[in-house]
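**Student:** File name structure-v3.cif; file contents mmCIF, C-alpha atoms and all ligand atoms; full text below.
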data_final
loop_
_atom_site.label_atom_id
_atom_site.label_comp_id
_atom_site.auth_asym_id
_atom_site.auth_seq_id
_atom_site.Cartn_x
_atom_site.Cartn_y
_atom_site.Cartn_z
CA MET S 1 134.60 117.11 135.45
CA THR S 2 135.15 113.67 134.02
CA ASP S 3 132.52 111.24 135.16
CA THR S 4 134.51 108.05 135.80
CA ARG S 5 131.45 105.82 135.54
CA GLN S 6 130.57 107.26 132.13
CA VAL S 7 134.13 106.75 130.94
CA ARG S 8 134.31 103.20 132.28
CA LEU S 9 131.03 102.08 130.75
CA MET S 10 131.75 103.81 127.44
CA ALA S 11 135.17 102.12 127.37
CA ARG S 12 133.30 98.82 127.74
CA ALA S 13 130.96 99.76 124.88
CA ILE S 14 134.00 100.55 122.69
CA GLN S 15 135.55 97.21 123.60
CA LEU S 16 132.32 95.48 122.53
CA ALA S 17 132.22 97.45 119.27
CA TRP S 18 135.71 96.14 118.34
CA ARG S 19 134.24 92.63 118.27
CA GLY S 20 132.63 93.64 114.99
CA ARG S 21 135.95 94.62 113.42
CA TYR S 22 135.88 91.88 110.76
CA SER S 23 132.18 91.75 110.08
CA THR S 24 130.12 94.97 110.06
CA HIS S 25 131.12 96.47 106.71
CA PRO S 26 129.76 98.61 105.11
CA ASN S 27 128.23 99.55 108.45
CA PRO S 28 130.20 101.09 111.31
CA ARG S 29 131.39 99.16 114.36
CA VAL S 30 129.12 100.06 117.26
CA GLY S 31 128.87 98.86 120.86
CA CYS S 32 126.23 99.43 123.54
CA VAL S 33 125.94 98.90 127.28
CA ILE S 34 122.70 99.29 129.27
CA ALA S 35 123.42 99.98 132.95
CA ARG S 36 121.79 101.11 136.15
CA GLY S 37 124.45 102.89 138.15
CA ASP S 38 127.49 100.64 137.87
CA ASP S 39 125.48 97.48 137.19
CA ILE S 40 125.52 96.30 133.59
CA LEU S 41 122.07 94.98 132.60
CA GLY S 42 122.73 94.24 128.95
CA GLU S 43 125.50 94.49 126.36
CA GLY S 44 125.64 94.25 122.61
CA TRP S 45 127.54 95.07 119.47
CA HIS S 46 126.65 95.38 115.84
CA GLU S 47 127.71 92.11 114.25
CA ARG S 48 126.73 92.31 110.61
CA ALA S 49 125.11 94.77 108.23
CA GLY S 50 121.46 93.83 107.75
CA GLU S 51 121.25 92.38 111.26
CA ALA S 52 120.28 94.07 114.52
CA HIS S 53 122.17 97.16 115.64
CA ALA S 54 124.15 97.23 118.91
CA GLU S 55 121.36 98.89 120.93
CA ILE S 56 118.83 96.23 119.97
CA HIS S 57 121.09 93.40 121.18
CA ALA S 58 121.80 95.22 124.47
CA LEU S 59 118.12 96.06 125.04
CA SER S 60 117.03 92.50 124.46
CA LYS S 61 119.61 91.27 127.01
CA ALA S 62 118.45 93.87 129.55
CA GLY S 63 114.73 93.13 129.01
CA PRO S 64 112.23 95.07 131.17
CA ALA S 65 115.10 96.17 133.48
CA ALA S 66 116.05 98.74 130.81
CA ARG S 67 113.20 100.99 132.04
CA GLY S 68 114.80 103.94 133.84
CA ALA S 69 118.34 102.74 132.99
CA THR S 70 121.15 104.48 131.09
CA ALA S 71 122.32 103.42 127.63
CA TYR S 72 125.97 103.95 126.65
CA VAL S 73 126.40 103.87 122.87
CA THR S 74 129.59 104.48 120.86
CA LEU S 75 127.63 106.08 117.99
CA GLU S 76 124.53 108.24 117.97
CA PRO S 77 121.53 105.87 117.83
CA CYS S 78 119.99 105.83 114.37
CA SER S 79 116.73 107.61 113.59
CA HIS S 80 116.00 106.09 110.21
CA PHE S 81 114.49 102.97 108.75
CA GLY S 82 117.46 101.36 107.00
CA ARG S 83 117.70 97.61 106.80
CA THR S 84 116.49 97.74 110.42
CA PRO S 85 114.10 100.09 112.31
CA PRO S 86 115.44 103.12 114.23
CA CYS S 87 117.38 102.42 117.46
CA ALA S 88 116.38 105.79 118.95
CA ARG S 89 112.75 104.62 118.80
CA ALA S 90 113.68 101.28 120.44
CA LEU S 91 115.46 103.09 123.31
CA ILE S 92 112.42 105.34 123.82
CA ASP S 93 110.02 102.40 123.77
CA ALA S 94 112.17 100.53 126.30
CA GLY S 95 111.82 103.46 128.70
CA VAL S 96 115.53 104.27 128.97
CA ALA S 97 116.00 107.41 131.09
CA LYS S 98 119.38 108.55 129.83
CA VAL S 99 121.58 108.01 126.79
CA VAL S 100 125.33 108.65 126.73
CA VAL S 101 126.86 108.82 123.27
CA ALA S 102 130.52 108.97 122.20
CA THR S 103 130.22 110.39 118.68
CA MET S 104 127.55 111.66 116.31
CA ASP S 105 126.58 109.52 113.32
CA PRO S 106 127.86 111.36 110.20
CA ASN S 107 125.43 109.38 108.02
CA PRO S 108 123.23 112.12 106.47
CA ALA S 109 120.20 109.89 107.15
CA VAL S 110 120.91 110.29 110.88
CA SER S 111 123.40 113.11 111.79
CA GLY S 112 121.73 114.67 114.82
CA ARG S 113 118.22 113.35 114.26
CA GLY S 114 118.82 110.38 116.54
CA LEU S 115 119.73 112.59 119.49
CA ALA S 116 116.88 114.98 118.67
CA MET S 117 114.40 112.09 118.76
CA LEU S 118 115.69 111.02 122.17
CA ARG S 119 115.56 114.57 123.59
CA ASP S 120 112.05 115.14 122.20
CA ALA S 121 110.94 112.05 124.11
CA GLY S 122 112.30 113.53 127.35
CA ILE S 123 115.44 111.39 127.53
CA ARG S 124 118.56 113.05 128.97
CA VAL S 125 121.40 112.92 126.46
CA THR S 126 125.14 113.34 126.99
CA GLU S 127 127.45 113.44 123.99
CA GLY S 128 131.22 113.30 123.46
CA VAL S 129 132.32 110.73 126.07
CA LEU S 130 135.52 109.03 124.75
CA ALA S 131 134.75 110.57 121.36
CA GLU S 132 138.26 110.16 119.93
CA GLN S 133 138.52 106.51 120.97
CA ALA S 134 135.12 105.83 119.42
CA ARG S 135 136.05 107.58 116.18
CA GLN S 136 139.06 105.26 115.90
CA LEU S 137 136.63 102.36 115.60
CA ASN S 138 135.45 103.67 112.27
CA PRO S 139 137.96 105.87 110.41
CA GLY S 140 136.70 104.46 107.12
CA PHE S 141 132.99 104.95 107.78
CA MET S 142 133.65 108.45 109.12
CA LYS S 143 135.78 109.44 106.13
CA ARG S 144 133.37 107.99 103.57
CA MET S 145 130.42 109.80 105.15
CA HIS S 146 132.37 113.08 105.19
CA CYS S 147 134.05 113.05 101.78
CA GLY S 148 132.75 110.03 99.88
CA ARG S 149 136.12 108.25 99.81
CA PRO S 150 137.47 105.28 101.76
CA TYR S 151 140.19 105.47 104.41
CA VAL S 152 143.33 104.30 102.61
CA ARG S 153 146.05 102.14 104.14
CA VAL S 154 149.02 101.33 101.94
CA LYS S 155 150.92 98.22 103.03
CA MET S 156 154.56 97.65 102.17
CA ALA S 157 156.90 94.81 103.13
CA ALA S 158 160.53 95.81 102.83
CA SER S 159 164.07 94.97 103.75
CA LEU S 160 166.44 97.10 105.84
CA ASP S 161 167.62 98.63 102.58
CA GLY S 162 164.06 99.46 101.54
CA ARG S 163 163.64 96.76 98.87
CA THR S 164 160.40 94.85 98.29
CA ALA S 165 161.71 92.32 95.78
CA MET S 166 164.85 91.16 94.02
CA ALA S 167 165.54 92.66 90.58
CA SER S 168 164.04 89.45 89.11
CA GLY S 169 160.76 90.20 90.89
CA GLU S 170 161.27 87.34 93.36
CA SER S 171 159.73 88.49 96.64
CA GLN S 172 158.58 85.50 98.71
CA TRP S 173 159.18 85.87 101.60
CA ILE S 174 160.77 89.00 102.99
CA THR S 175 158.86 89.21 106.26
CA GLY S 176 158.17 86.31 108.62
CA ALA S 177 155.05 84.30 109.47
CA ALA S 178 153.96 86.62 112.29
CA ALA S 179 154.00 89.66 110.00
CA ARG S 180 152.08 87.76 107.36
CA GLN S 181 149.43 86.83 109.92
CA ASP S 182 149.25 90.50 110.88
CA VAL S 183 148.62 91.32 107.21
CA GLN S 184 145.81 88.77 107.16
CA ARG S 185 144.19 90.72 110.01
CA LEU S 186 144.74 93.97 108.15
CA ARG S 187 143.03 92.47 105.10
CA ALA S 188 140.19 91.21 107.27
CA ILE S 189 139.39 94.70 108.63
CA SER S 190 139.42 96.05 105.07
CA ASP S 191 136.41 96.23 102.78
CA ALA S 192 138.51 96.16 99.65
CA ILE S 193 142.09 95.42 98.58
CA LEU S 194 143.56 97.29 95.65
CA THR S 195 146.45 96.17 93.52
CA GLY S 196 147.85 96.88 90.07
CA VAL S 197 148.02 94.61 87.05
CA GLY S 198 151.83 94.61 87.37
CA THR S 199 151.55 92.78 90.68
CA VAL S 200 148.90 90.40 89.29
CA LEU S 201 151.23 89.49 86.39
CA ALA S 202 154.39 89.25 88.51
CA ASP S 203 153.15 87.53 91.69
CA ASP S 204 149.72 86.10 90.84
CA PRO S 205 148.45 86.88 94.38
CA SER S 206 145.00 85.84 95.58
CA LEU S 207 144.67 88.77 98.05
CA THR S 208 142.15 86.86 100.13
CA VAL S 209 141.62 86.47 103.84
CA ARG S 210 142.44 82.88 104.76
CA ARG S 211 140.63 82.01 107.96
CA SER S 212 143.26 79.44 108.97
CA GLU S 213 146.05 82.03 108.64
CA LEU S 214 144.10 84.67 110.55
CA GLY S 215 144.69 82.74 113.77
CA ASP S 216 142.69 83.10 116.97
CA ILE S 217 140.38 86.10 116.72
CA GLY S 218 139.26 85.94 120.35
CA ASP S 219 135.71 87.15 120.89
CA ALA S 220 135.45 88.97 117.55
CA THR S 221 132.56 88.05 115.27
CA GLU S 222 133.73 85.78 112.44
CA PRO S 223 134.57 87.58 109.17
CA SER S 224 131.47 87.50 107.03
CA ARG S 225 132.96 87.78 103.55
CA GLN S 226 136.06 88.27 101.49
CA PRO S 227 137.08 91.86 100.86
CA LEU S 228 136.36 93.11 97.37
CA ARG S 229 139.49 92.68 95.22
CA VAL S 230 140.20 95.66 92.98
CA ILE S 231 142.67 95.72 90.10
CA ALA S 232 143.96 98.87 88.42
CA ASP S 233 144.53 97.58 84.89
CA ARG S 234 144.36 100.18 82.12
CA ASP S 235 144.43 97.76 79.20
CA ALA S 236 142.56 94.86 80.85
CA ARG S 237 145.63 92.61 80.77
CA THR S 238 144.62 90.52 83.79
CA PRO S 239 144.71 86.87 82.67
CA CYS S 240 141.41 85.02 82.96
CA ASP S 241 143.10 82.34 85.09
CA ALA S 242 144.69 84.79 87.59
CA LYS S 243 144.28 83.62 91.19
CA ILE S 244 142.83 86.97 92.22
CA LEU S 245 139.73 86.15 90.13
CA HIS S 246 139.00 82.90 91.98
CA GLY S 247 136.00 83.17 94.26
CA GLY S 248 134.58 86.23 92.51
CA ASN S 249 133.91 89.64 94.05
CA VAL S 250 136.45 91.41 91.85
CA ARG S 251 136.31 94.87 90.31
CA LEU S 252 138.66 95.94 87.56
CA PHE S 253 139.33 99.55 86.63
CA CYS S 254 140.49 99.99 83.05
CA SER S 255 140.38 102.85 80.53
CA SER S 256 137.14 103.60 78.71
CA GLU S 257 138.89 102.50 75.49
CA ALA S 258 139.78 99.11 76.96
CA LEU S 259 136.24 98.65 78.26
CA VAL S 260 134.95 97.70 74.82
CA THR S 261 137.80 95.36 73.91
CA ALA S 262 137.68 91.55 73.89
CA PRO S 263 139.89 91.07 77.00
CA ALA S 264 137.61 93.31 79.09
CA GLN S 265 134.55 91.50 77.80
CA ASP S 266 136.09 88.11 78.57
CA LEU S 267 136.73 89.27 82.13
CA SER S 268 133.14 90.53 82.43
CA ALA S 269 131.88 87.19 81.21
CA LEU S 270 133.79 85.62 84.12
CA GLY S 271 131.84 87.79 86.55
CA VAL S 272 134.47 90.49 87.06
CA SER S 273 132.82 93.87 87.32
CA VAL S 274 134.78 95.94 84.83
CA ALA S 275 134.51 99.72 85.02
CA GLY S 276 136.12 102.48 82.98
CA VAL S 277 137.95 105.30 84.76
CA ARG S 278 140.20 108.11 83.62
CA TRP S 279 143.93 107.49 83.31
CA LYS S 280 146.64 110.07 83.51
CA ASP S 281 150.23 109.97 82.20
CA ASN S 282 151.48 108.47 85.46
CA GLY S 283 148.68 105.93 85.85
CA ILE S 284 145.13 105.64 87.11
CA ASP S 285 143.23 108.75 88.19
CA LEU S 286 143.21 107.72 91.82
CA GLY S 287 140.78 110.43 92.88
CA GLU S 288 138.18 109.06 90.49
CA ALA S 289 138.88 105.47 91.54
CA LEU S 290 138.52 106.37 95.23
CA ASP S 291 135.23 108.17 94.55
CA ALA S 292 133.98 105.07 92.74
CA LEU S 293 134.99 102.83 95.66
CA GLY S 294 133.28 105.19 98.11
CA GLU S 295 130.09 104.89 96.10
CA LEU S 296 130.34 101.11 96.42
CA GLY S 297 130.30 101.51 100.23
CA ILE S 298 134.01 100.79 100.74
CA ASN S 299 135.02 102.24 104.13
CA ASP S 300 138.49 100.76 104.56
CA LEU S 301 140.72 100.29 101.53
CA LEU S 302 143.98 98.38 101.73
CA VAL S 303 146.52 98.92 98.94
CA GLU S 304 148.89 96.01 98.36
CA ALA S 305 150.61 97.04 95.20
CA GLY S 306 153.94 97.38 93.48
CA PRO S 307 156.16 100.46 93.32
CA THR S 308 154.17 102.23 90.59
CA LEU S 309 150.74 102.30 92.22
CA ALA S 310 152.15 102.65 95.75
CA GLY S 311 154.30 105.53 94.50
CA THR S 312 151.27 107.30 93.06
CA PHE S 313 149.43 107.08 96.38
CA VAL S 314 152.44 108.52 98.21
CA HIS S 315 153.21 111.15 95.60
CA GLU S 316 149.62 112.40 95.42
CA ARG S 317 149.19 112.16 99.22
CA LEU S 318 146.05 110.08 98.73
CA LEU S 319 146.76 107.65 101.56
CA ASP S 320 145.80 108.00 105.21
CA GLU S 321 148.25 105.49 106.65
CA LEU S 322 151.35 103.67 105.47
CA TRP S 323 151.86 100.26 107.08
CA LEU S 324 155.49 99.31 106.67
CA TYR S 325 156.64 95.85 107.68
CA GLN S 326 160.41 95.90 107.76
CA ALA S 327 162.39 92.67 107.90
CA PRO S 328 165.90 92.46 109.36
CA VAL S 329 167.50 91.52 106.02
CA PHE S 330 169.34 93.19 103.16
CA LEU S 331 168.13 92.46 99.65
CA GLY S 332 170.89 94.41 97.95
CA SER S 333 171.18 97.45 95.78
CA THR S 334 169.64 95.92 92.66
CA GLY S 335 166.39 95.06 94.49
CA ARG S 336 163.13 96.87 93.74
CA PRO S 337 162.09 99.94 95.74
CA THR S 338 158.86 100.08 97.74
CA ALA S 339 157.64 103.09 95.78
CA ASN S 340 158.72 104.71 92.53
CA LEU S 341 159.37 108.28 93.58
CA PRO S 342 161.99 109.99 91.47
CA LEU S 343 162.84 112.81 93.88
CA GLU S 344 165.80 115.06 93.12
CA ARG S 345 166.28 117.54 95.93
CA MET S 346 166.27 117.23 99.69
CA ALA S 347 163.46 119.77 99.66
CA ASP S 348 161.28 117.19 97.87
CA LYS S 349 161.59 114.58 100.60
CA ILE S 350 158.31 113.13 101.81
CA GLN S 351 157.99 113.13 105.57
CA TRP S 352 155.89 111.01 107.90
CA THR S 353 154.78 110.99 111.48
CA VAL S 354 155.12 107.68 113.31
CA LYS S 355 151.72 106.75 114.75
CA ASP S 356 152.67 103.29 115.99
CA GLN S 357 155.78 101.17 116.07
CA ARG S 358 156.01 97.58 117.23
CA GLN S 359 157.78 94.28 116.83
CA VAL S 360 155.86 91.56 114.96
CA GLY S 361 157.88 88.36 115.19
CA ASP S 362 161.34 89.22 113.86
CA ASP S 363 160.01 92.15 111.85
CA GLN S 364 159.20 95.71 112.73
CA ARG S 365 155.83 97.26 111.92
CA LEU S 366 155.48 101.00 111.50
CA ILE S 367 152.20 102.84 110.99
CA LEU S 368 152.99 106.20 109.43
CA ILE S 369 150.81 109.20 108.70
CA PRO S 370 151.74 111.64 105.93
CA ARG S 371 152.85 114.97 107.33
C1 LIG L 401 123.05 102.47 115.39
N1 LIG L 401 123.55 101.34 115.95
O1 LIG L 401 124.77 99.49 115.90
C2 LIG L 401 124.75 100.85 113.98
C3 LIG L 401 124.26 102.05 113.41
O2 LIG L 401 120.92 99.58 107.03
P1 LIG L 401 121.00 99.54 108.54
O3 LIG L 401 119.65 99.43 109.18
O4 LIG L 401 121.93 98.47 109.02
O5 LIG L 401 121.59 100.95 109.00
C4 LIG L 401 122.94 101.27 108.76
C5 LIG L 401 123.21 102.67 109.27
O6 LIG L 401 122.86 102.77 110.66
C6 LIG L 401 124.68 103.04 109.19
O7 LIG L 401 124.99 103.66 107.98
C7 LIG L 401 124.83 104.01 110.36
O8 LIG L 401 124.36 105.29 110.02
C8 LIG L 401 123.88 103.40 111.38
N2 LIG L 401 124.61 102.40 112.15
N3 LIG L 401 123.45 102.83 114.16
O9 LIG L 401 122.23 103.14 116.00
C9 LIG L 401 124.37 100.51 115.32
N4 LIG L 401 125.57 100.01 113.28
ZN ZN L 402 120.45 101.74 114.84
#
Take the structure in this file and express it as structure tokens.

**Tutor:**
Amino acid sequence: MTDTRQVRLMARAIQLAWRGRYSTHPNPRVGCVIARGDDILGEGWHERAGEAHAEIHALSKAGPAARGATAYVTLEPCSHFGRTPPCARALIDAGVAKVVVATMDPNPAVSGRGLAMLRDAGIRVTEGVLAEQARQLNPGFMKRMHCGRPYVRVKMAASLDGRTAMASGESQWITGAAARQDVQRLRAISDAILTGVGTVLADDPSLTVRRSELGDIGDATEPSRQPLRVIADRDARTPCDAKILHGGNVRLFCSSEALVTAPAQDLSALGVSVAGVRWKDNGIDLGEALDALGELGINDLLVEAGPTLAGTFVHERLLDELWLYQAPVFLGSTGRPTANLPLERMADKIQWTVKDQRQVGDDQRLILIPR
């Protein structure tokens, strides 16, 4: 039987967790409600890594009233001393009688130990309430904890005839202002943005989140930093004055041969963290690059790249979502394709499932999942 109170209060905790969408990385987004019956005594969400977890904020709002109350948490309370002490211990010390959890924490430092601590202290524990909705808060954190790689979203902006630029490379702007603001939000929920040196040379993008273009973020916590910018650049051809290098926090993947050359060393001297990875005939070894980004704590990776790199992600099925912004324009048959995919036979076609479809200004936004 579904307990409507549990569902309602967990839905509230999930809503609170979303407030941390731009600011918790590399930590997960977590929300917590402390309630007695239907009465909410305290609420909280995790705002920033290194700061208090959701439970601690909610407990401090509830104060002594937490004794005998129920805590609703979107993620299993932690059991470890990380940058902060264990939340399971704080819930026990506050005298909470019951804890309702949506999902387990896949972090190997926790994974079940949080609930075990609570049960050992005599607290009643219920698990799995709105589990799927809570998992959607943190696809990146979940995936990184399970397989060491970030959740990958590839963004494309295209015309009705599937072109992302004119043959000359001219590409500004295909989609309208509303779609570009939506992309700012997509960047802001991402821990890192990956592009290729071709795009750096052709467009000189900055790939930053610009607070003024992000618009009104409602009750969300302010973004706490720029996403890491990542460039796939085998021969370290990125110019030292490229806009993407402004403001720092840039990683460049080149070949191990290029690593020891003057251009790579010049980029290092500028503060770019240059790393060697394997390259294959068709470009960067994406598996190795994704492993490296996972090790850096990247949960959500956004790919904003040209047809070569985007094509590799699609061809090797290494993306989790394709975000396609489609503008109601034709760019003509000499324009550039969204992805280089030389397919020959109908049997080779690459199919997608539509997860979400909506209008953003004059453009259409599709979120697609590889089949
Ligand atoms: C919770 N509540 O609100 C969050 C949790 O280094 P720390 O101390 O910030 O710990 C980070 C880890 O704690 C993170 O990897 C995840 O396992 C858990 N996050 N746990 O009980 C929270 N954000
Ligand atoms: Zn915690």

**Student:** Might you pull out every residue within 12 Å of stretch 312-318 of chain S, with all atoms listed in the file counted and same-chain residues fewer than 3 positions away left off, and present them as a VMD selection string?

**Tutor:** chain S and resid 149 to 156 194 to 196 280 to 291 301 to 309 321 to 322 338 to 343 348 to 352 368 to 371

**Student:** Taking all atoms listed in the file into account, name the residue in S:Arg36, S:Ala49, S:Pro28, S:Arg19 that is nearest to S:Met104.

**Tutor:**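 Among the listed residues, S:Pro28 lies closest to S:Met104.
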
**Student:** For stretch 96-106 of chain S, take all atoms listed in the file, fit an axis-aligned box around them, add 5 Å to each of the six sides, then output centre and edge lengths in Å rounded to one decimal, as lines of an AutoDock Vina configuration file.

**Tutor:**
center_x = 123.0
center_y = 108.0
center_z = 120.6
size_x = 25.0
size_y = 17.4
size_z = 30.9

**Student:** What is the atom CA of S:Asp204 to atom CA of S:Asp363 distance in Å?

**Tutor:**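 It comes out at 24.2 Å.
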
**Student:** Please list as a ChimeraX atom specification every residue within 7 Å of S:Cys254, counting all atoms listed in the file and excluding residues in the same chain fewer than 2 positions away.

**Tutor:** /S:232-236,252,256,258-259,275-277

**Student:** Take the residues just selected and output them with C-alpha atoms as an mmCIF file, keeping the file's coordinate frame.

**Tutor:**
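Writing done, so here's result-v6.cif:
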data_model
loop_
_atom_site.group_PDB
_atom_site.id
_atom_site.type_symbol
_atom_site.label_atom_id
_atom_site.label_comp_id
_atom_site.auth_asym_id
_atom_site.auth_seq_id
_atom_site.Cartn_x
_atom_site.Cartn_y
_atom_site.Cartn_z
ATOM 1 C CA ALA S 232 143.960 98.870 88.420
ATOM 2 C CA ASP S 233 144.530 97.580 84.890
ATOM 3 C CA ARG S 234 144.360 100.180 82.120
ATOM 4 C CA ASP S 235 144.430 97.760 79.200
ATOM 5 C CA ALA S 236 142.560 94.860 80.850
ATOM 6 C CA LEU S 252 138.660 95.940 87.560
ATOM 7 C CA SER S 256 137.140 103.600 78.710
ATOM 8 C CA ALA S 258 139.780 99.110 76.960
ATOM 9 C CA LEU S 259 136.240 98.650 78.260
ATOM 10 C CA ALA S 275 134.510 99.720 85.020
ATOM 11 C CA GLY S 276 136.120 102.480 82.980
ATOM 12 C CA VAL S 277 137.950 105.300 84.760
#

**Student:** Between S:Leu118, S:Met10, S:Ala54, S:Ala269, single out the one closest to ligand LIG 401 (chain L), counting only C-alpha atoms and all ligand atoms.

**Tutor:**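 Of all the options, S:Ala54 lies closest to ligand LIG 401 (chain L).
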
**Student:** Within 8 Å of ligand ZN 402 (chain L), counting only C-alpha atoms and all ligand atoms, which protein or nucleic acid residues do you find, written as a list in words?

**Tutor:**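 Using only C-alpha atoms and all ligand atoms, everything at most 8 Å from ligand ZN 402 (chain L) comes to Ala52, His53, Ala54, Glu55, Ile56, Pro77, Cys78, Ser79, His80, Thr84, Pro85, Pro86, Cys87 and Ala88 of chain S.
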
**Student:** In Å, rounded to a single decimal, give me how far atom CA of S:Asp182 is from atom CA of S:Gly311.

**Tutor:**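 Distance reported for this atom pair: 22.8 Å.
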
**Student:** Could you please determine the separation between atom CA of S:Gly50 and atom CA of S:Leu186 in Å, to one decimal place?

**Tutor:**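 Those two atoms sit 23.3 Å apart.
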
**Student:** Can you work out which one of S:Pro337, S:Glu47, S:Arg67, S:Thr4 has the shortest atom-to-atom distance to S:Ala310, counting all atoms listed in the file?

**Tutor:** S:Pro337

**Student:** Between S:Ile231, S:Val101, S:Val360, S:Leu293, which has the minimum distance to S:Ala327 (counting all atoms listed in the file)?

**Tutor:**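 Smallest separation from S:Ala327 among the options: S:Val360.
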
**Student:** In terms of the shortest atom-to-atom distance over all atoms listed in the file, which of S:Ser273, S:Gln364, S:Ser23, S:Gln6 is closest to ligand LIG 401 (chain L)?

**Tutor:**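 Of the candidates, the smallest distance to ligand LIG 401 (chain L) is held by S:Ser23.
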
**Student:** At a cut-off of 7 Å from (142.1, 92.5, 80.2) in the coordinates of the file, what residues are picked up using all atoms listed in the file, written as a list in words?

**Tutor:**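 Residues close enough to count: Asp235, Ala236, Arg237, Thr238, Pro239, Pro263, Ala264 and Leu267 of chain S.
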
**Student:** If you count all atoms listed in the file, which residues fall within 10 Å of S:Leu214, apart from same-chain ones fewer than 6 positions away, as a VMD selection string?

**Tutor:** chain S and resid 180 to 188

**Student:** Quick one: residues within 7 Å of stretch 124-131 of chain S, all atoms listed in the file, excluding same-chain residues fewer than 2 positions away - as a list in words?

**Tutor:**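 Answer for this query is Val7, Met10, Ala97, Lys98, Val99, Val100, Val101, Ala102, Thr103, Arg119, Gly122, Gln133, Ala134 and Arg135 of chain S.
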
**Student:** Could you list, as a list in words, every residue within 8 Å of S:Ile92, counting only C-alpha atoms and ignoring same-chain residues fewer than 3 positions away?

**Tutor:** Ala88, Arg89, Gly95, Val96, Leu118, Ala121 and Ile123 of chain S

**Student:** Please produce a file of those selected residues containing C-alpha atoms, as a compact mmCIF listing (two decimals), in the coordinates of the input.

**Tutor:**
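Written output follows (again.txt):
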# COMPACT_ATOMS: atom_id res chain seq x y z
CA ALA S 88 116.38 105.79 118.95
CA ARG S 89 112.75 104.62 118.80
CA GLY S 95 111.82 103.46 128.70
CA VAL S 96 115.53 104.27 128.97
CA LEU S 118 115.69 111.02 122.17
CA ALA S 121 110.94 112.05 124.11
CA ILE S 123 115.44 111.39 127.53

**Student:** Restricting the calculation to only C-alpha atoms and all ligand atoms, which member of S:Gly140, S:Pro64, S:Gly332, S:Gly215 is positioned closest to ligand LIG 401 (chain L)?

**Tutor:**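 That would be S:Gly140, the residue with the smallest distance to ligand LIG 401 (chain L).
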
**Student:** What would stretch 53-64 of chain S look like with N, CA and C atoms restored, written as a PDB file, in the coordinates of the input?

**Tutor:**
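Heads up, here's the output in part_5.pdb:
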ATOM      1  N   HIS S  53     121.151  96.213 115.184  1.00  0.00           N
ATOM      2  CA  HIS S  53     122.170  97.160 115.640  1.00  0.00           C
ATOM      3  C   HIS S  53     122.519  96.859 117.111  1.00  0.00           C
ATOM      4  N   ALA S  54     123.618  97.494 117.566  1.00  0.00           N
ATOM      5  CA  ALA S  54     124.150  97.230 118.910  1.00  0.00           C
ATOM      6  C   ALA S  54     123.093  97.435 119.996  1.00  0.00           C
ATOM      7  N   GLU S  55     122.337  98.535 119.886  1.00  0.00           N
ATOM      8  CA  GLU S  55     121.360  98.890 120.930  1.00  0.00           C
ATOM      9  C   GLU S  55     120.303  97.800 121.080  1.00  0.00           C
ATOM     10  N   ILE S  56     119.907  97.223 119.942  1.00  0.00           N
ATOM     11  CA  ILE S  56     118.830  96.230 119.970  1.00  0.00           C
ATOM     12  C   ILE S  56     119.293  94.969 120.717  1.00  0.00           C
ATOM     13  N   HIS S  57     120.545  94.565 120.449  1.00  0.00           N
ATOM     14  CA  HIS S  57     121.090  93.400 121.180  1.00  0.00           C
ATOM     15  C   HIS S  57     121.146  93.688 122.676  1.00  0.00           C
ATOM     16  N   ALA S  58     121.643  94.890 123.034  1.00  0.00           N
ATOM     17  CA  ALA S  58     121.800  95.220 124.470  1.00  0.00           C
ATOM     18  C   ALA S  58     120.436  95.313 125.149  1.00  0.00           C
ATOM     19  N   LEU S  59     119.462  95.939 124.458  1.00  0.00           N
ATOM     20  CA  LEU S  59     118.120  96.060 125.040  1.00  0.00           C
ATOM     21  C   LEU S  59     117.497  94.694 125.241  1.00  0.00           C
ATOM     22  N   SER S  60     117.706  93.791 124.296  1.00  0.00           N
ATOM     23  CA  SER S  60     117.030  92.500 124.460  1.00  0.00           C
ATOM     24  C   SER S  60     117.673  91.713 125.606  1.00  0.00           C
ATOM     25  N   LYS S  61     118.978  91.911 125.840  1.00  0.00           N
ATOM     26  CA  LYS S  61     119.610  91.270 127.010  1.00  0.00           C
ATOM     27  C   LYS S  61     119.069  91.868 128.310  1.00  0.00           C
ATOM     28  N   ALA S  62     118.882  93.193 128.313  1.00  0.00           N
ATOM     29  CA  ALA S  62     118.450  93.870 129.550  1.00  0.00           C
ATOM     30  C   ALA S  62     116.979  93.562 129.853  1.00  0.00           C
ATOM     31  N   GLY S  63     116.163  93.390 128.810  1.00  0.00           N
ATOM     32  CA  GLY S  63     114.730  93.130 129.010  1.00  0.00           C
ATOM     33  C   GLY S  63     114.050  94.289 129.716  1.00  0.00           C
ATOM     34  N   PRO S  64     113.010  93.998 130.534  1.00  0.00           N
ATOM     35  CA  PRO S  64     112.230  95.070 131.170  1.00  0.00           C
ATOM     36  C   PRO S  64     113.073  95.932 132.122  1.00  0.00           C
TER      37      PRO S  64
END
